[in-house]
$ cat work-v7.txt   # compact mmCIF, C-alpha atoms
# COMPACT_ATOMS: atom_id res chain seq x y z
CA MET G 17 0.00 0.00 0.00
CA ASN G 18 1.35 3.42 -0.92
CA VAL G 19 0.26 5.60 2.02
CA PRO G 20 2.10 8.75 0.83
CA ALA G 21 0.34 8.61 -2.54
CA ALA G 22 -3.02 7.98 -0.87
CA LEU G 23 -2.54 11.01 1.40
CA LEU G 24 -1.55 13.14 -1.59
CA GLY G 25 -4.72 11.99 -3.36
CA LEU G 26 -6.85 12.96 -0.38
CA LEU G 27 -5.07 16.30 0.01
CA GLU G 28 -5.65 17.09 -3.62
CA ARG G 29 -9.38 17.34 -2.91
CA GLU G 30 -8.85 19.96 -0.22
CA PRO G 31 -6.22 21.02 2.31
CA SER G 32 -6.61 19.04 5.54
CA HIS G 33 -5.26 18.42 9.01
CA GLY G 34 -3.62 15.13 9.90
CA TYR G 35 -6.66 14.06 11.88
CA GLU G 36 -9.06 14.68 8.99
CA LEU G 37 -6.73 12.87 6.63
CA LYS G 38 -6.59 9.85 8.89
CA ARG G 39 -10.38 9.73 9.09
CA ALA G 40 -10.75 10.02 5.32
CA TYR G 41 -8.08 7.37 4.75
CA ASP G 42 -9.68 4.95 7.19
CA GLY G 43 -13.11 5.58 5.65
CA TYR G 44 -12.03 4.80 2.10
CA PHE G 45 -9.15 2.37 2.46
CA GLY G 46 -8.70 1.37 6.10
CA ASN G 47 -11.20 -1.51 6.32
CA ASP G 48 -10.11 -3.28 9.48
CA LYS G 49 -6.62 -1.74 9.37
CA PRO G 50 -6.84 1.91 10.43
CA LEU G 51 -3.83 4.12 9.75
CA PRO G 52 -1.93 4.87 12.99
CA PHE G 53 -1.68 8.59 13.83
CA GLY G 54 2.08 8.26 14.09
CA GLN G 55 2.29 7.07 10.51
CA VAL G 56 0.06 9.91 9.27
CA TYR G 57 2.28 12.61 10.82
CA ALA G 58 5.54 10.89 9.89
CA THR G 59 4.34 10.55 6.27
CA LEU G 60 3.19 14.19 6.15
CA GLY G 61 6.56 15.23 7.53
CA ARG G 62 8.39 13.37 4.77
CA LEU G 63 6.06 14.73 2.10
CA GLU G 64 6.68 18.26 3.39
CA ARG G 65 10.45 17.71 3.44
CA ASP G 66 10.29 16.52 -0.17
CA GLY G 67 8.22 19.50 -1.30
CA ARG G 68 5.10 17.50 -2.10
CA VAL G 69 2.93 19.15 0.51
CA THR G 70 3.17 22.45 2.24
CA VAL G 71 1.81 23.81 5.52
CA THR G 72 -0.72 26.52 4.78
CA GLY G 73 -1.58 27.44 8.33
CA THR G 74 -1.82 26.35 11.91
CA GLU G 75 -4.82 26.35 14.19
CA PRO G 76 -5.06 25.83 17.90
CA GLY G 77 -6.52 22.43 18.80
CA GLY G 78 -7.26 20.63 22.05
CA GLY G 79 -3.55 19.78 22.40
CA PRO G 80 -0.70 21.02 20.22
CA GLU G 81 -1.39 23.33 17.28
CA ARG G 82 -2.84 21.64 14.24
CA LYS G 83 -1.12 22.12 10.91
CA ARG G 84 -3.18 22.39 7.76
CA TYR G 85 -1.48 20.72 4.78
CA ALA G 86 -2.00 21.37 1.06
CA ILE G 87 -0.63 19.49 -1.94
CA THR G 88 2.00 21.28 -4.08
CA PRO G 89 2.35 21.12 -7.89
CA ASP G 90 5.21 18.66 -7.34
CA GLY G 91 2.88 16.58 -5.21
CA VAL G 92 0.24 16.53 -7.98
CA THR G 93 2.88 15.35 -10.47
CA VAL G 94 3.97 12.54 -8.14
CA LEU G 95 0.34 11.53 -7.61
CA GLU G 96 -0.46 11.53 -11.32
CA ASP G 97 2.63 9.49 -12.15
CA TRP G 98 1.69 6.94 -9.52
CA LEU G 99 -1.90 6.68 -10.73
CA ALA G 100 -0.94 6.32 -14.38
CA GLN G 101 1.86 3.79 -13.93
CA PRO G 102 0.59 0.19 -13.83
CA GLU G 103 1.79 -1.79 -10.84
CA ASP G 104 4.26 -4.59 -11.33
CA PRO G 105 1.93 -7.61 -11.51
CA ALA G 106 2.45 -9.40 -8.21
CA PRO G 107 0.23 -11.11 -5.63
CA GLN G 108 -1.72 -9.06 -3.07
CA LEU G 109 -2.13 -6.01 -5.26
CA GLN G 110 -5.78 -5.43 -4.44
CA PRO G 111 -5.32 -2.70 -1.78
CA VAL G 112 -3.11 -0.54 -3.97
CA LEU G 113 -5.26 -0.99 -7.08
CA PHE G 114 -8.39 -0.21 -5.10
CA THR G 115 -6.77 2.93 -3.73
CA LYS G 116 -5.87 4.08 -7.22
CA VAL G 117 -9.40 3.52 -8.45
CA VAL G 118 -10.99 5.41 -5.57
CA LEU G 119 -8.57 8.34 -5.80
CA ALA G 120 -9.04 8.51 -9.57
CA LEU G 121 -12.82 8.60 -9.15
CA LEU G 122 -12.63 11.20 -6.39
CA SER G 123 -10.54 13.46 -8.59
CA ASP G 124 -12.48 12.78 -11.82
CA ARG G 125 -9.50 11.10 -13.45
CA PRO G 126 -9.90 8.21 -15.94
CA ALA G 127 -10.10 5.24 -13.55
CA GLY G 128 -11.09 2.91 -16.40
CA ARG G 129 -7.95 3.76 -18.32
CA TYR G 130 -5.75 3.00 -15.31
CA LEU G 131 -7.47 -0.35 -14.95
CA ASP G 132 -6.99 -1.06 -18.65
CA ARG G 133 -3.27 -0.40 -18.34
CA GLN G 134 -3.06 -2.63 -15.32
CA ARG G 135 -4.99 -5.30 -17.19
CA ALA G 136 -2.50 -5.09 -20.08
CA ALA G 137 0.42 -5.35 -17.63
CA HIS G 138 -1.10 -8.44 -16.02
CA LEU G 139 -1.76 -10.13 -19.35
CA ALA G 140 1.75 -9.33 -20.55
CA ARG G 141 3.13 -11.06 -17.44
CA MET G 142 0.82 -14.02 -18.02
CA ARG G 143 2.11 -14.30 -21.58
CA GLU G 144 5.72 -14.33 -20.39
CA ILE G 145 4.97 -17.05 -17.87
CA THR G 146 3.00 -19.07 -20.43
CA VAL G 147 5.96 -18.98 -22.82
CA ARG G 148 8.37 -20.07 -20.07
CA ARG G 149 5.96 -22.77 -18.95
CA ARG G 150 6.07 -24.40 -22.38
CA GLY G 151 9.62 -25.57 -21.99
CA ALA G 152 9.44 -26.45 -18.29
CA GLY G 153 9.28 -29.81 -16.52
CA VAL G 154 6.36 -30.70 -14.28
CA ALA G 155 7.79 -28.82 -11.30
CA GLY G 156 8.29 -25.72 -13.42
CA VAL G 157 4.80 -26.06 -14.84
CA LEU G 158 3.31 -26.22 -11.35
CA VAL G 159 5.22 -23.12 -10.24
CA ALA G 160 4.05 -21.32 -13.36
CA ASP G 161 0.45 -22.47 -12.80
CA TYR G 162 0.47 -20.98 -9.32
CA ALA G 163 1.56 -17.61 -10.68
CA LEU G 164 -0.91 -17.80 -13.57
CA PHE G 165 -3.88 -18.61 -11.33
CA HIS G 166 -3.07 -15.70 -9.03
CA LEU G 167 -2.61 -13.26 -11.88
CA GLU G 168 -5.86 -14.51 -13.36
CA ALA G 169 -7.67 -13.89 -10.08
CA ASP G 170 -6.34 -10.32 -10.05
CA LEU G 171 -7.40 -9.87 -13.63
CA ARG G 172 -10.92 -11.02 -12.87
CA TRP G 173 -11.04 -8.53 -10.02
CA ILE G 174 -9.82 -5.80 -12.39
CA ASP G 175 -12.55 -6.71 -14.88
CA MET G 176 -15.26 -6.74 -12.22
CA THR G 177 -14.05 -3.41 -10.87
CA ALA G 178 -14.06 -1.93 -14.38
CA ALA G 179 -17.63 -3.16 -14.82
CA ARG G 180 -18.68 -1.55 -11.53
CA LEU G 181 -16.90 1.79 -11.83
CA GLY G 182 -20.15 3.67 -12.30
CA GLN G 183 -21.71 2.20 -9.17
CA LEU G 184 -18.54 2.76 -7.15
CA ALA G 185 -18.31 6.38 -8.28
CA LYS G 186 -21.87 6.97 -7.08
CA GLU G 187 -21.18 5.32 -3.76
CA ILE G 188 -18.01 7.18 -2.85
CA THR G 189 -18.99 10.61 -4.09
CA ARG G 190 -22.44 10.81 -2.55
CA MET Y 29 7.60 -20.53 -28.49
CA ARG Y 30 6.53 -17.13 -29.78
CA GLY Y 31 6.28 -16.73 -33.52
CA PRO Y 32 8.22 -14.36 -35.71
CA VAL Y 33 7.58 -10.64 -35.56
CA PRO Y 34 4.19 -10.14 -37.28
CA ALA Y 35 4.43 -8.72 -40.79
CA ALA Y 36 1.79 -7.30 -43.12
CA PRO Y 37 -1.86 -7.40 -42.06
CA VAL Y 38 -3.82 -10.39 -43.24
CA LEU Y 39 -7.15 -9.26 -41.79
CA ALA Y 40 -8.62 -5.87 -41.05
CA ALA Y 41 -11.89 -4.43 -39.84
CA ARG Y 42 -12.56 -0.73 -40.31
CA ALA Y 43 -15.40 1.04 -38.53
CA VAL Y 44 -17.46 -2.14 -38.63
CA THR Y 45 -21.03 -1.89 -37.34
CA LYS Y 46 -23.50 -4.70 -36.86
CA SER Y 47 -26.87 -4.78 -35.13
CA PHE Y 48 -29.30 -7.55 -34.36
CA GLY Y 49 -32.72 -5.95 -34.56
CA ALA Y 50 -32.53 -2.85 -32.44
CA THR Y 51 -29.53 -4.13 -30.49
CA PRO Y 52 -26.16 -2.89 -31.69
CA ALA Y 53 -23.40 -5.51 -31.33
CA LEU Y 54 -20.57 -3.60 -33.05
CA ARG Y 55 -20.43 0.20 -33.05
CA GLY Y 56 -17.44 0.99 -35.20
CA ALA Y 57 -14.92 -1.76 -34.53
CA ASP Y 58 -11.39 -1.30 -35.89
CA LEU Y 59 -8.86 -4.11 -35.86
CA THR Y 60 -5.81 -5.23 -37.80
CA VAL Y 61 -4.39 -8.73 -37.59
CA ALA Y 62 -0.86 -9.33 -38.80
CA ARG Y 63 0.14 -12.32 -40.86
CA GLY Y 64 1.23 -15.19 -38.63
CA GLU Y 65 -0.04 -13.48 -35.50
CA VAL Y 66 -1.96 -15.21 -32.73
CA LEU Y 67 -4.49 -12.64 -31.56
CA ALA Y 68 -6.84 -12.99 -28.60
CA ILE Y 69 -10.09 -11.04 -28.62
CA MET Y 70 -11.37 -10.63 -25.08
CA GLY Y 71 -14.30 -8.85 -23.52
CA PRO Y 72 -17.32 -9.26 -21.30
CA SER Y 73 -20.34 -11.30 -22.37
CA GLY Y 74 -22.37 -9.42 -24.93
CA SER Y 75 -19.52 -7.04 -25.75
CA GLY Y 76 -19.54 -8.03 -29.43
CA LYS Y 77 -16.39 -10.14 -29.52
CA SER Y 78 -17.99 -13.15 -31.24
CA THR Y 79 -19.81 -10.88 -33.69
CA LEU Y 80 -16.47 -9.30 -34.56
CA LEU Y 81 -15.01 -12.76 -35.23
CA HIS Y 82 -18.02 -13.67 -37.36
CA CYS Y 83 -17.64 -10.49 -39.42
CA LEU Y 84 -13.89 -11.02 -39.88
CA ALA Y 85 -14.53 -14.62 -40.94
CA GLY Y 86 -17.29 -13.76 -43.41
CA ILE Y 87 -19.89 -15.69 -41.42
CA GLN Y 88 -21.86 -12.50 -40.90
CA ARG Y 89 -22.00 -9.47 -43.11
CA PRO Y 90 -21.52 -6.17 -41.30
CA ASP Y 91 -24.15 -3.43 -41.62
CA GLY Y 92 -21.43 -0.85 -42.18
CA GLY Y 93 -17.68 -0.45 -42.41
CA GLU Y 94 -15.18 -2.63 -44.22
CA VAL Y 95 -13.66 -6.06 -43.72
CA TRP Y 96 -10.48 -6.98 -45.55
CA PHE Y 97 -8.70 -10.29 -46.03
CA ASP Y 98 -5.36 -10.36 -47.81
CA GLY Y 99 -6.00 -7.16 -49.72
CA THR Y 100 -9.58 -7.98 -50.72
CA ARG Y 101 -12.75 -6.49 -49.29
CA THR Y 102 -14.83 -9.41 -48.12
CA ASP Y 103 -17.86 -7.59 -46.74
CA GLN Y 104 -18.97 -6.83 -50.31
CA LEU Y 105 -18.71 -10.42 -51.52
CA GLY Y 106 -21.88 -12.39 -52.19
CA GLU Y 107 -22.94 -15.35 -50.09
CA ARG Y 108 -21.41 -17.90 -52.42
CA ALA Y 109 -18.05 -16.14 -52.63
CA ARG Y 110 -17.91 -15.80 -48.85
CA THR Y 111 -18.70 -19.51 -48.48
CA GLU Y 112 -15.84 -20.32 -50.84
CA LEU Y 113 -13.52 -18.00 -48.92
CA ARG Y 114 -14.38 -19.65 -45.62
CA ARG Y 115 -13.93 -23.13 -47.07
CA GLN Y 116 -10.64 -22.45 -48.83
CA LYS Y 117 -8.86 -19.92 -46.68
CA PHE Y 118 -10.23 -20.20 -43.17
CA GLY Y 119 -10.49 -22.90 -40.53
CA PHE Y 120 -12.90 -22.85 -37.59
CA VAL Y 121 -12.91 -24.20 -34.06
CA PHE Y 122 -15.95 -23.57 -31.90
CA GLN Y 123 -16.87 -24.44 -28.36
CA PHE Y 124 -19.47 -27.14 -29.01
CA GLY Y 125 -20.92 -29.59 -31.45
CA GLN Y 126 -18.69 -29.34 -34.42
CA LEU Y 127 -18.01 -32.97 -35.19
CA VAL Y 128 -20.40 -35.19 -37.13
CA PRO Y 129 -21.39 -37.80 -34.55
CA ASP Y 130 -21.80 -40.70 -37.00
CA LEU Y 131 -18.39 -40.36 -38.62
CA PRO Y 132 -15.11 -41.70 -37.21
CA ALA Y 133 -12.59 -39.06 -36.16
CA ILE Y 134 -10.44 -39.46 -39.29
CA GLU Y 135 -13.44 -38.92 -41.56
CA ASN Y 136 -14.46 -35.87 -39.59
CA VAL Y 137 -11.01 -34.46 -40.29
CA MET Y 138 -11.17 -35.47 -43.97
CA LEU Y 139 -14.58 -33.84 -44.43
CA PRO Y 140 -13.49 -30.34 -45.55
CA LEU Y 141 -11.17 -31.92 -48.13
CA LEU Y 142 -13.89 -34.22 -49.45
CA LEU Y 143 -16.29 -31.27 -49.69
CA GLY Y 144 -13.57 -29.48 -51.66
CA GLY Y 145 -13.50 -32.32 -54.18
CA LEU Y 146 -10.41 -34.23 -53.07
CA ARG Y 147 -10.62 -38.00 -53.45
CA ARG Y 148 -10.75 -40.15 -50.33
CA PRO Y 149 -7.24 -41.68 -50.46
CA ALA Y 150 -5.66 -38.26 -50.93
CA ALA Y 151 -7.83 -36.78 -48.18
CA ARG Y 152 -6.87 -39.60 -45.83
CA GLU Y 153 -3.20 -39.04 -46.62
CA ARG Y 154 -3.53 -35.35 -45.72
CA ALA Y 155 -5.57 -35.98 -42.57
CA ALA Y 156 -3.53 -38.82 -41.03
CA PRO Y 157 -0.41 -36.82 -39.99
CA LEU Y 158 -2.55 -34.38 -38.04
CA PHE Y 159 -3.52 -37.16 -35.65
CA SER Y 160 0.04 -37.51 -34.62
CA ARG Y 161 0.59 -33.71 -34.60
CA LEU Y 162 -2.33 -33.29 -32.22
CA GLU Y 163 -1.41 -36.31 -30.07
CA LEU Y 164 -4.42 -38.32 -31.19
CA ASP Y 165 -2.56 -41.43 -32.40
CA GLY Y 166 -4.73 -44.55 -32.39
CA LEU Y 167 -8.01 -42.63 -32.14
CA GLU Y 168 -8.65 -42.33 -35.88
CA ARG Y 169 -11.52 -44.82 -35.97
CA ARG Y 170 -13.30 -43.60 -32.84
CA ARG Y 171 -16.55 -41.75 -33.19
CA PRO Y 172 -16.92 -38.38 -31.40
CA GLY Y 173 -19.02 -39.98 -28.65
CA GLU Y 174 -16.10 -42.29 -27.86
CA LEU Y 175 -13.64 -39.43 -27.34
CA SER Y 176 -13.04 -37.28 -24.27
CA GLY Y 177 -13.94 -33.60 -24.57
CA GLY Y 178 -10.30 -32.63 -25.00
CA GLN Y 179 -9.69 -35.30 -27.64
CA ALA Y 180 -12.82 -34.28 -29.55
CA GLN Y 181 -11.68 -30.67 -29.49
CA ARG Y 182 -8.27 -31.67 -30.83
CA VAL Y 183 -10.03 -33.54 -33.66
CA ALA Y 184 -11.90 -30.29 -34.35
CA VAL Y 185 -8.54 -28.47 -34.44
CA ALA Y 186 -7.21 -31.07 -36.88
CA ARG Y 187 -10.25 -30.55 -39.07
CA ALA Y 188 -9.71 -26.79 -38.99
CA LEU Y 189 -6.07 -27.24 -40.02
CA VAL Y 190 -6.44 -29.92 -42.70
CA THR Y 191 -7.09 -27.52 -45.58
CA ARG Y 192 -3.96 -25.58 -44.58
CA PRO Y 193 -6.02 -22.41 -44.02
CA ARG Y 194 -4.50 -18.95 -43.88
CA VAL Y 195 -6.48 -18.05 -40.77
CA ILE Y 196 -7.88 -20.17 -37.95
CA PHE Y 197 -10.86 -18.63 -36.16
CA ALA Y 198 -11.39 -20.11 -32.72
CA ASP Y 199 -14.41 -19.04 -30.63
CA GLU Y 200 -14.02 -20.11 -26.99
CA PRO Y 201 -12.20 -23.29 -28.10
CA THR Y 202 -11.59 -24.42 -24.53
CA GLY Y 203 -14.87 -23.20 -23.09
CA SER Y 204 -16.28 -26.65 -22.45
CA LEU Y 205 -13.04 -28.25 -21.23
CA ASP Y 206 -11.37 -28.58 -17.84
CA SER Y 207 -8.11 -26.68 -17.25
CA LEU Y 208 -5.73 -29.47 -18.20
CA ALA Y 209 -7.56 -30.46 -21.37
CA GLY Y 210 -7.97 -26.80 -22.31
CA GLU Y 211 -4.27 -26.17 -21.83
CA LYS Y 212 -3.39 -29.06 -24.13
CA VAL Y 213 -5.80 -27.89 -26.82
CA MET Y 214 -4.35 -24.38 -26.73
CA GLU Y 215 -0.73 -25.52 -26.85
CA LEU Y 216 -1.38 -27.86 -29.77
CA LEU Y 217 -3.59 -25.38 -31.61
CA VAL Y 218 -1.00 -22.59 -31.40
CA ASP Y 219 1.95 -24.86 -32.24
CA ALA Y 220 0.22 -26.50 -35.19
CA ALA Y 221 -0.98 -23.15 -36.53
CA ARG Y 222 2.57 -21.77 -36.32
CA ASP Y 223 3.91 -24.85 -38.12
CA GLN Y 224 1.57 -24.05 -40.98
CA ASP Y 225 2.20 -20.28 -40.86
CA ALA Y 226 -1.48 -19.78 -40.13
CA THR Y 227 -2.81 -16.70 -38.37
CA VAL Y 228 -5.03 -17.37 -35.36
CA VAL Y 229 -7.91 -15.20 -34.20
CA LEU Y 230 -9.07 -16.44 -30.85
CA VAL Y 231 -12.13 -15.29 -28.93
CA THR Y 232 -11.97 -16.06 -25.24
CA HIS Y 233 -13.01 -14.67 -21.89
CA GLU Y 234 -10.32 -16.68 -20.09
CA PRO Y 235 -7.06 -14.81 -19.39
CA ARG Y 236 -5.05 -18.04 -19.23
CA VAL Y 237 -6.21 -18.93 -22.73
CA ALA Y 238 -5.50 -15.42 -23.99
CA ALA Y 239 -1.99 -15.71 -22.54
CA HIS Y 240 -1.16 -18.14 -25.37
CA ALA Y 241 -1.63 -15.32 -27.87
CA ASP Y 242 0.97 -12.80 -29.05
CA ARG Y 243 -1.39 -9.90 -28.41
CA GLU Y 244 -4.84 -9.26 -27.07
CA VAL Y 245 -7.51 -6.69 -27.68
CA VAL Y 246 -10.58 -6.04 -25.58
CA VAL Y 247 -14.01 -5.47 -27.08
CA ARG Y 248 -16.25 -3.25 -24.98
CA ASP Y 249 -19.62 -1.94 -26.06
CA GLY Y 250 -18.96 -2.94 -29.63
CA ARG Y 251 -15.61 -1.18 -29.97
CA VAL Y 252 -12.07 -2.52 -29.89
CA SER Y 253 -9.77 -1.19 -27.24
CA GLU Y 254 -6.08 -1.85 -27.47
CA LEU Y 255 -4.15 -0.33 -24.62
CA ALA Y 256 -0.54 -1.07 -23.95
CA ALA Y 257 0.66 -1.60 -20.41
CA ALA Y 258 2.59 1.64 -20.28

$ encode --input "work-v7.txt" --output "structure tokens"
Amino acid sequence: MNVPAALLGLLEREPSHGYELKRAYDGYFGNDKPLPFGQVYATLGRLERDGRVTVTGTEPGGGPERKRYAITPDGVTVLEDWLAQPEDPAPQLQPVLFTKVVLALLSDRPAGRYLDRQRAAHLARMREITVRRRGAGVAGVLVADYALFHLEADLRWIDMTAARLGQLAKEITR
Amino acid sequence: MRGPVPAAPVLAARAVTKSFGATPALRGADLTVARGEVLAIMGPSGSGKSTLLHCLAGIQRPDGGEVWFDGTRTDQLGERARTELRRQKFGFVFQFGQLVPDLPAIENVMLPLLLGGLRRPAARERAAPLFSRLELDGLERRRPGELSGGQAQRVAVARALVTRPRVIFADEPTGSLDSLAGEKVMELLVDAARDQDATVVLVTHEPRVAAHADREVVVRDGRVSELAAA
């Protein structure tokens, strides 16, 4: 999961405090794994150091002053690059792909195109494995089958997500 | 093994439209298939992928647009000329029910040659080596009902290849088979087609089947989308 990119995506909608960002993150992507506060502030600190977010103001809170963060043009570029670049096809990609889809929908970017690129990357990997599998012994075939079945499962998820983009957009933007 | 780098196009569809009653199946489909290429056409159910194959293969005539085979427009040919084209230049593998149940496997494979006027001994001579090529040795005299699903489908592949067609059209060729049998059919289909320098146009909704192709396109809402990974 790429937490910095997810926070950039959420900040692109509107400048926010760390607490608001954590709540938005947990609401969209957290499921049963909420983002620890420590990680939110550490990530924001790194993003600020790297010029991807900037502090636009501070407000008094219950405890220490709260900083309000905004995304910078550099941050938007980093976010766009991340969204547009298909992930290396590997197991357990669902959280990162889901995050990309949600952030793309929230920002009115072409989520379907990102999924298409990912689909092409997955099929390209499946083709490579299928070619290698042809010359392999039984053990090699079984190893290849494992990879192929997992990639296929991801691809089916990508297809189902593509088919449900309209519904998802309605759900998350209402 | 992958084939050589694809050369000139052997098939092309340009802005092809096709409706069934009020339901549009193709809404301006564009596609080029290179000579010797193995192309997978994917897409959700009802996306128009089989209709696209049928238009490319001259089984159906598009309502609009152009279909080309080897430098000739085929969408303007009459029924008889399209039948001849399919018989002489194309081979077909479908999901179900392609073999004549009363004929032994070898005669099923010989059938397209006999229909083309070849005499039986010559047809048998052409058909026999395909049994070995498709790992069907010893099954020549069996009737389709005496073959497993995978064996029957390999007989269908042999029948599609026996006329040495320029293009093999395969519509969900493994759709009724289990994974192992489907794998075997795909490997043998692609290898045998490459041996004969045939182009393959494969319709499938299964990614593992499409992974045998050199390239895939996705049909969505009657249009062809071809997006590279990066």

$ interface_residues --input "work-v7.txt" --of "chain Y" --to "chain G" --cutoff "12 Å" --atoms "all atoms listed in the file" --output "JSON, numbers by chain"
{"Y": [29, 30, 31, 66, 68, 70, 71, 72, 73, 75, 207, 208, 211, 212, 214, 215, 216, 218, 219, 233, 234, 235, 236, 237, 238, 239, 240, 241, 242, 243, 244, 245, 246, 247, 248, 249, 253, 254, 255, 256, 257, 258]}

$ residues_around --input "work-v7.txt" --residues "Phe45 in chain G" --least-positions-apart "4" --cutoff "12 Å" --atoms "all atoms listed in the file" --output "number ranges by chain"
G: 17-19, 22-23, 26, 37-41, 49-51, 110-119, 188

$ atom_distance --input "work-v7.txt" --atom1 "CA of Gly166 in chain Y" --atom2 "CA of Val183 in chain Y"
12.3 Å

$ atom_distance --input "work-v7.txt" --atom1 "CA of Ala43 in chain Y" --atom2 "CA of Leu230 in chain Y"
20.1 Å

$ closest_atom_pairs --input "work-v7.txt" --of "range 185-229 of chain Y" --to "range 136-139 of chain Y" --cutoff "8 Å" --atoms "all atoms listed in the file" --output "Markdown table"
| residue | atom | partner | partner_atom | distance |
| --- | --- | --- | --- | --- |
| Y:Ala186 | CA | Y:Val137 | CA | 6.1 |
| Y:Arg187 | CA | Y:Val137 | CA | 4.2 |
| Y:Ala188 | CA | Y:Val137 | CA | 7.9 |
| Y:Val190 | CA | Y:Val137 | CA | 6.9 |

$ closest_atom_pairs --input "work-v7.txt" --of "range 47-90 of chain Y" --to "range 97-104 of chain Y" --cutoff "9 Å" --atoms "only C-alpha atoms" --output "Markdown table"
| residue | atom | partner | partner_atom | distance |
| --- | --- | --- | --- | --- |
| Y:Cys83 | CA | Y:Asp103 | CA | 7.9 |
| Y:Leu84 | CA | Y:Phe97 | CA | 8.1 |
| Y:Ala85 | CA | Y:Phe97 | CA | 8.9 |
| Y:Gly86 | CA | Y:Thr102 | CA | 6.9 |
| Y:Gln88 | CA | Y:Asp103 | CA | 8.6 |
| Y:Arg89 | CA | Y:Asp103 | CA | 5.8 |
| Y:Pro90 | CA | Y:Asp103 | CA | 6.7 |

$ atom_distance --input "work-v7.txt" --atom1 "CA of Glu64 in chain G" --atom2 "CA of Thr189 in chain G"
27.8 Å

$ residues_around --input "work-v7.txt" --residues "Glu200 in chain Y" --least-positions-apart "5" --cutoff "6 Å" --atoms "all atoms listed in the file" --output "VMD selection string"
chain Y and resid 123 231 to 232

$ residues_around --input "work-v7.txt" --residues "Ala155 in chain Y" --least-positions-apart "2" --cutoff "12 Å" --atoms "only C-alpha atoms" --output "ChimeraX atom specification"
/Y:133-142,146,148-153,157-162,164-165,168,183-192

$ write_last_selection --input "work-v7.txt" --atoms "C-alpha atoms" --output "mmCIF file, keeping the file's coordinate frame"
data_model
loop_
_atom_site.group_PDB
_atom_site.id
_atom_site.type_symbol
_atom_site.label_atom_id
_atom_site.label_comp_id
_atom_site.auth_asym_id
_atom_site.auth_seq_id
_atom_site.Cartn_x
_atom_site.Cartn_y
_atom_site.Cartn_z
ATOM 1 C CA ALA Y 133 -12.590 -39.060 -36.160
ATOM 2 C CA ILE Y 134 -10.440 -39.460 -39.290
ATOM 3 C CA GLU Y 135 -13.440 -38.920 -41.560
ATOM 4 C CA ASN Y 136 -14.460 -35.870 -39.590
ATOM 5 C CA VAL Y 137 -11.010 -34.460 -40.290
ATOM 6 C CA MET Y 138 -11.170 -35.470 -43.970
ATOM 7 C CA LEU Y 139 -14.580 -33.840 -44.430
ATOM 8 C CA PRO Y 140 -13.490 -30.340 -45.550
ATOM 9 C CA LEU Y 141 -11.170 -31.920 -48.130
ATOM 10 C CA LEU Y 142 -13.890 -34.220 -49.450
ATOM 11 C CA LEU Y 146 -10.410 -34.230 -53.070
ATOM 12 C CA ARG Y 148 -10.750 -40.150 -50.330
ATOM 13 C CA PRO Y 149 -7.240 -41.680 -50.460
ATOM 14 C CA ALA Y 150 -5.660 -38.260 -50.930
ATOM 15 C CA ALA Y 151 -7.830 -36.780 -48.180
ATOM 16 C CA ARG Y 152 -6.870 -39.600 -45.830
ATOM 17 C CA GLU Y 153 -3.200 -39.040 -46.620
ATOM 18 C CA PRO Y 157 -0.410 -36.820 -39.990
ATOM 19 C CA LEU Y 158 -2.550 -34.380 -38.040
ATOM 20 C CA PHE Y 159 -3.520 -37.160 -35.650
ATOM 21 C CA SER Y 160 0.040 -37.510 -34.620
ATOM 22 C CA ARG Y 161 0.590 -33.710 -34.600
ATOM 23 C CA LEU Y 162 -2.330 -33.290 -32.220
ATOM 24 C CA LEU Y 164 -4.420 -38.320 -31.190
ATOM 25 C CA ASP Y 165 -2.560 -41.430 -32.400
ATOM 26 C CA GLU Y 168 -8.650 -42.330 -35.880
ATOM 27 C CA VAL Y 183 -10.030 -33.540 -33.660
ATOM 28 C CA ALA Y 184 -11.900 -30.290 -34.350
ATOM 29 C CA VAL Y 185 -8.540 -28.470 -34.440
ATOM 30 C CA ALA Y 186 -7.210 -31.070 -36.880
ATOM 31 C CA ARG Y 187 -10.250 -30.550 -39.070
ATOM 32 C CA ALA Y 188 -9.710 -26.790 -38.990
ATOM 33 C CA LEU Y 189 -6.070 -27.240 -40.020
ATOM 34 C CA VAL Y 190 -6.440 -29.920 -42.700
ATOM 35 C CA THR Y 191 -7.090 -27.520 -45.580
ATOM 36 C CA ARG Y 192 -3.960 -25.580 -44.580
#

$ decode --input "work-v7.txt" --residues "range 153-158 of chain G" --atoms "N, CA and C atoms" --output "PDB file, in the first residue's frame"
ATOM      1  N   GLY G 153       9.701 -28.505 -17.014  1.00  0.00           N
ATOM      2  CA  GLY G 153       9.283 -29.808 -16.517  1.00  0.00           C
ATOM      3  C   GLY G 153       8.058 -29.638 -15.634  1.00  0.00           C
ATOM      4  N   VAL G 154       7.605 -30.764 -15.053  1.00  0.00           N
ATOM      5  CA  VAL G 154       6.360 -30.701 -14.277  1.00  0.00           C
ATOM      6  C   VAL G 154       6.486 -29.702 -13.123  1.00  0.00           C
ATOM      7  N   ALA G 155       7.627 -29.740 -12.429  1.00  0.00           N
ATOM      8  CA  ALA G 155       7.789 -28.825 -11.297  1.00  0.00           C
ATOM      9  C   ALA G 155       7.688 -27.377 -11.764  1.00  0.00           C
ATOM     10  N   GLY G 156       8.346 -27.084 -12.873  1.00  0.00           N
ATOM     11  CA  GLY G 156       8.294 -25.719 -13.417  1.00  0.00           C
ATOM     12  C   GLY G 156       6.890 -25.346 -13.842  1.00  0.00           C
ATOM     13  N   VAL G 157       6.177 -26.319 -14.418  1.00  0.00           N
ATOM     14  CA  VAL G 157       4.797 -26.064 -14.841  1.00  0.00           C
ATOM     15  C   VAL G 157       3.934 -25.723 -13.631  1.00  0.00           C
ATOM     16  N   LEU G 158       4.133 -26.462 -12.535  1.00  0.00           N
ATOM     17  CA  LEU G 158       3.310 -26.221 -11.348  1.00  0.00           C
ATOM     18  C   LEU G 158       3.596 -24.846 -10.745  1.00  0.00           C
TER      19      LEU G 158
END
